[in-house]
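Reproduced below: coords-v6.cif, with mmCIF, C-alpha atoms.
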data_coords
loop_
_atom_site.label_atom_id
_atom_site.label_comp_id
_atom_site.auth_asym_id
_atom_site.auth_seq_id
_atom_site.Cartn_x
_atom_site.Cartn_y
_atom_site.Cartn_z
CA MET L 14 5.26 59.91 7.91
CA GLU L 15 1.71 59.24 9.11
CA ILE L 16 0.40 59.34 5.54
CA LEU L 17 2.94 56.69 4.56
CA LEU L 18 1.76 54.42 7.42
CA PHE L 19 -1.90 54.88 6.46
CA GLY L 20 -1.02 54.09 2.84
CA LEU L 21 0.82 50.93 3.92
CA LEU L 22 -2.13 49.90 6.09
CA ALA L 23 -4.52 50.44 3.16
CA VAL L 24 -2.33 48.29 0.87
CA LEU L 25 -2.24 45.50 3.48
CA LEU L 26 -6.02 45.59 3.90
CA VAL L 27 -6.58 45.40 0.14
CA PHE L 28 -4.14 42.47 -0.09
CA MET L 29 -5.94 40.63 2.75
CA ILE L 30 -9.35 41.12 1.10
CA PHE L 31 -8.18 39.80 -2.29
CA ASN L 32 -6.31 36.89 -0.69
CA THR L 33 -9.37 35.91 1.37
CA ARG L 34 -11.60 35.99 -1.72
CA LYS L 35 -9.17 33.80 -3.64
CA ARG L 36 -9.00 31.21 -0.84
CA THR L 37 -12.79 31.20 -0.45
CA LYS L 38 -13.29 30.57 -4.18
CA GLN L 39 -10.69 27.80 -4.12
CA MET L 40 -12.29 26.07 -1.11
CA LYS L 41 -15.75 26.34 -2.67
CA ALA L 42 -14.47 24.82 -5.92
CA GLU L 43 -12.89 21.92 -3.99
CA GLN L 44 -16.15 21.28 -2.09
CA GLU L 45 -18.17 21.29 -5.32
CA GLU L 46 -15.71 18.89 -6.96
CA LYS L 47 -15.91 16.55 -3.96
CA ALA L 48 -19.71 16.70 -4.05
CA THR L 49 -19.84 15.76 -7.74
CA LYS L 50 -17.36 12.89 -7.31
CA THR L 51 -19.08 11.50 -4.21
CA VAL L 52 -21.43 8.94 -5.72
CA PRO L 53 -22.45 5.45 -4.59
CA GLY L 54 -19.65 2.95 -5.16
CA VAL L 55 -16.75 5.39 -4.72
CA LYS L 56 -14.10 4.63 -2.10
CA VAL L 57 -13.60 7.46 0.44
CA LEU L 58 -11.45 8.35 3.42
CA LEU L 59 -13.34 9.57 6.49
CA GLN L 60 -12.07 12.14 8.99
CA GLY L 61 -11.27 9.41 11.53
CA GLY L 62 -8.98 7.58 9.11
CA ILE L 63 -11.54 4.93 8.16
CA PHE L 64 -11.75 3.85 4.53
CA GLY L 65 -15.13 2.92 3.13
CA THR L 66 -17.36 2.84 0.10
CA ILE L 67 -20.23 5.28 -0.38
CA VAL L 68 -23.64 3.57 -0.39
CA ALA L 69 -25.84 6.69 -0.27
CA TYR L 70 -25.00 10.40 -0.32
CA ASP L 71 -27.15 13.49 -0.89
CA PRO L 72 -25.01 16.41 -2.11
CA GLU L 73 -28.01 18.78 -1.92
CA ASP L 74 -28.84 18.20 1.77
CA LEU L 75 -25.59 18.03 3.74
CA ASP L 76 -27.47 17.45 7.01
CA THR L 77 -28.63 14.04 5.76
CA PRO L 78 -26.14 11.40 6.89
CA ALA L 79 -24.13 9.60 4.25
CA LEU L 80 -24.17 5.80 4.32
CA VAL L 81 -20.69 4.30 4.10
CA GLU L 82 -19.87 0.60 3.84
CA ILE L 83 -16.68 -0.04 5.85
CA ALA L 84 -16.72 -3.84 5.42
CA PRO L 85 -18.91 -6.15 3.34
CA GLY L 86 -22.36 -5.92 4.94
CA THR L 87 -21.31 -3.29 7.53
CA ILE L 88 -22.85 0.09 6.72
CA ILE L 89 -22.46 3.11 8.99
CA GLU L 90 -24.06 6.55 8.97
CA VAL L 91 -21.66 9.49 8.98
CA HIS L 92 -22.12 13.22 8.66
CA SER L 93 -21.55 14.26 5.06
CA GLN L 94 -18.75 16.59 6.14
CA ALA L 95 -16.90 13.65 7.71
CA ILE L 96 -15.90 12.56 4.21
CA LEU L 97 -12.36 13.85 3.93
CA ARG L 98 -11.54 12.92 0.35
CA ILE L 99 -12.17 10.51 -2.50
CA VAL L 100 -9.60 7.72 -2.69
CA GLU L 101 -8.36 6.96 -6.17
CA PRO L 102 -7.70 3.22 -6.67
CA LYS L 103 -4.12 2.29 -7.41
CA ASP L 104 -3.12 -0.77 -9.37
CA ILE L 105 -1.22 -3.31 -7.29
CA VAL L 106 1.40 -5.21 -9.22
CA VAL L 107 2.68 -8.39 -7.62
CA ASP L 108 5.88 -9.83 -9.00
CA ASP L 109 5.23 -13.59 -9.03
CA ALA L 110 8.92 -14.47 -9.32
CA ILE L 111 9.83 -12.54 -6.16
CA ALA L 112 6.87 -14.01 -4.26
CA ALA L 113 7.79 -17.55 -5.39
CA ASP L 114 11.44 -17.08 -4.31
CA ALA L 115 10.39 -15.78 -0.90
CA ILE L 116 8.05 -18.73 -0.37
CA ALA L 117 10.65 -21.23 -1.60
CA ASP L 118 13.23 -19.89 0.88
CA ASP L 119 10.85 -20.32 3.82
CA VAL L 120 9.39 -23.69 2.87
CA VAL L 121 10.12 -26.74 4.90
CA ALA L 122 8.60 -29.96 3.54
CA ASP L 123 6.16 -30.60 6.38
CA ASP L 124 5.25 -26.96 7.21
CA VAL L 125 1.93 -25.38 6.32
CA ILE L 126 2.26 -21.91 4.89
CA GLU L 127 -0.43 -19.25 4.93
CA VAL L 128 -0.07 -16.80 2.07
CA GLU L 129 -1.75 -13.42 2.24
CA THR L 130 -3.29 -12.29 -1.01
CA ALA L 131 -3.59 -8.71 -2.14
CA GLN L 132 -6.97 -7.15 -1.41
CA VAL L 133 -9.06 -6.87 -4.54
CA VAL L 134 -10.40 -3.36 -5.02
CA GLU L 135 -13.89 -3.14 -6.49
CA THR L 136 -14.72 -0.55 -9.08
CA PRO L 137 -17.65 1.74 -8.27
CA GLU L 138 -19.82 -0.16 -10.76
CA GLU L 139 -18.99 -3.52 -9.15
CA THR L 140 -19.76 -2.16 -5.69
CA ARG L 141 -23.06 -0.69 -6.87
CA ALA L 142 -24.03 -4.04 -8.48
CA ARG L 143 -23.09 -5.97 -5.30
CA LEU L 144 -25.10 -3.59 -3.12
CA GLU L 145 -28.11 -3.93 -5.43
CA ARG L 146 -27.83 -7.75 -5.30
CA ASP L 147 -27.65 -7.61 -1.50
CA ALA L 148 -30.73 -5.35 -1.38
CA ASP L 149 -32.64 -7.73 -3.67
CA ASN L 150 -31.74 -10.73 -1.48
CA LYS L 151 -33.13 -9.10 1.67
#

Rendering of file as structure tokens:
Amino acid sequence: MEILLFGLLAVLLVFMIFNTRKRTKQMKAEQEEKATKTVPGVKVLLQGGIFGTIVAYDPEDLDTPALVEIAPGTIIEVHSQAILRIVEPKDIVVDDAIAADAIADDVVADDVIEVETAQVVETPEETRARLERDADNK
């Protein structure tokens, strides 16, 4: 009976070792992928829930703070590990007919209506070009 228990314990230990190795390799691969995708101009989500655009990031030296632009002209320093993930831009499709019907239903002849527009998402190349123009103007 004791031999059976020792055999079961040995099987569990071997399973734990292989499972830990697999998880470690997977986490390392995810970190390397994030490091290669984190380049200036890419939109990211920070640990605190703040969205921003990478201005400067050094994947070799993780102790160097990353510079993240959270609003036009507002750049903050964050620890490189505070970058939770890369945010993939999604295309926003606005149905003009639905928007026009909604506005027409709410319009009164003398009222002034404020219409919110969809936020335009810059591509990484556009962000990089804007940041370079801003740096040249300073």

The PyMOL selection byres ((chain L and resi 77) around 12) on the file shown: which residues, as a PDB file with C-alpha atoms, in the coordinates of the input?
ATOM      1  CA  ALA L  69     -25.840   6.690  -0.270  1.00  0.00           C
ATOM      2  CA  TYR L  70     -25.000  10.400  -0.320  1.00  0.00           C
ATOM      3  CA  ASP L  71     -27.150  13.490  -0.890  1.00  0.00           C
ATOM      4  CA  PRO L  72     -25.010  16.410  -2.110  1.00  0.00           C
ATOM      5  CA  GLU L  73     -28.010  18.780  -1.920  1.00  0.00           C
ATOM      6  CA  ASP L  74     -28.840  18.200   1.770  1.00  0.00           C
ATOM      7  CA  LEU L  75     -25.590  18.030   3.740  1.00  0.00           C
ATOM      8  CA  ASP L  76     -27.470  17.450   7.010  1.00  0.00           C
ATOM      9  CA  PRO L  78     -26.140  11.400   6.890  1.00  0.00           C
ATOM     10  CA  ALA L  79     -24.130   9.600   4.250  1.00  0.00           C
ATOM     11  CA  LEU L  80     -24.170   5.800   4.320  1.00  0.00           C
ATOM     12  CA  GLU L  90     -24.060   6.550   8.970  1.00  0.00           C
ATOM     13  CA  VAL L  91     -21.660   9.490   8.980  1.00  0.00           C
ATOM     14  CA  HIS L  92     -22.120  13.220   8.660  1.00  0.00           C
ATOM     15  CA  SER L  93     -21.550  14.260   5.060  1.00  0.00           C
ATOM     16  CA  GLN L  94     -18.750  16.590   6.140  1.00  0.00           C
ATOM     17  CA  ALA L  95     -16.900  13.650   7.710  1.00  0.00           C
TER      18      ALA L  95
END

Please measure the separation of CA of Val81 in chain L and CA of Gly65 in chain L, giving the value in Å to one decimal. 5.8 Å

Might you pull out every residue within 6 Å of range 46-62 of chain L, with all atoms listed in the file counted and same-chain residues fewer than 3 positions away left off, and present them as a list in words?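 Near neighbours after the sequence-gap exclusion: Glu43, Gly65, Thr66, Ile67, Val68, Ala69, Pro72, Ala95, Ile96, Leu97, Arg98, Ile99, Val100, Pro137, Thr140 and Arg141 of chain L.
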
Separation of CA of Arg146 in chain L and CA of Ile89 in chain L, in Å?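 Straight-line distance from CA of Arg146 in chain L to CA of Ile89 in chain L works out to 18.7 Å.
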
Atomic distance CA of Gln39 in chain L - CA of Phe64 in chain L, expressed in Å with one decimal: 25.5 Å

Could you state which residues are captured by the PyMOL selection byres ((chain L and resi 85) around 10) in this file, as a list in words?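 This file gives the following for the PyMOL selection byres ((chain L and resi 85) around 10): Gly65, Thr66, Glu82, Ile83, Ala84, Gly86, Thr87, Ile88, Thr140, Arg143 and Leu144 of chain L.
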
Go ahead and save the picked residues with C-alpha atoms, as a compact mmCIF listing (two decimals), in the coordinates of the input.
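Writing the result to part_34.txt gives the following:
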# COMPACT_ATOMS: atom_id res chain seq x y z
CA GLY L 65 -15.13 2.92 3.13
CA THR L 66 -17.36 2.84 0.10
CA GLU L 82 -19.87 0.60 3.84
CA ILE L 83 -16.68 -0.04 5.85
CA ALA L 84 -16.72 -3.84 5.42
CA GLY L 86 -22.36 -5.92 4.94
CA THR L 87 -21.31 -3.29 7.53
CA ILE L 88 -22.85 0.09 6.72
CA THR L 140 -19.76 -2.16 -5.69
CA ARG L 143 -23.09 -5.97 -5.30
CA LEU L 144 -25.10 -3.59 -3.12
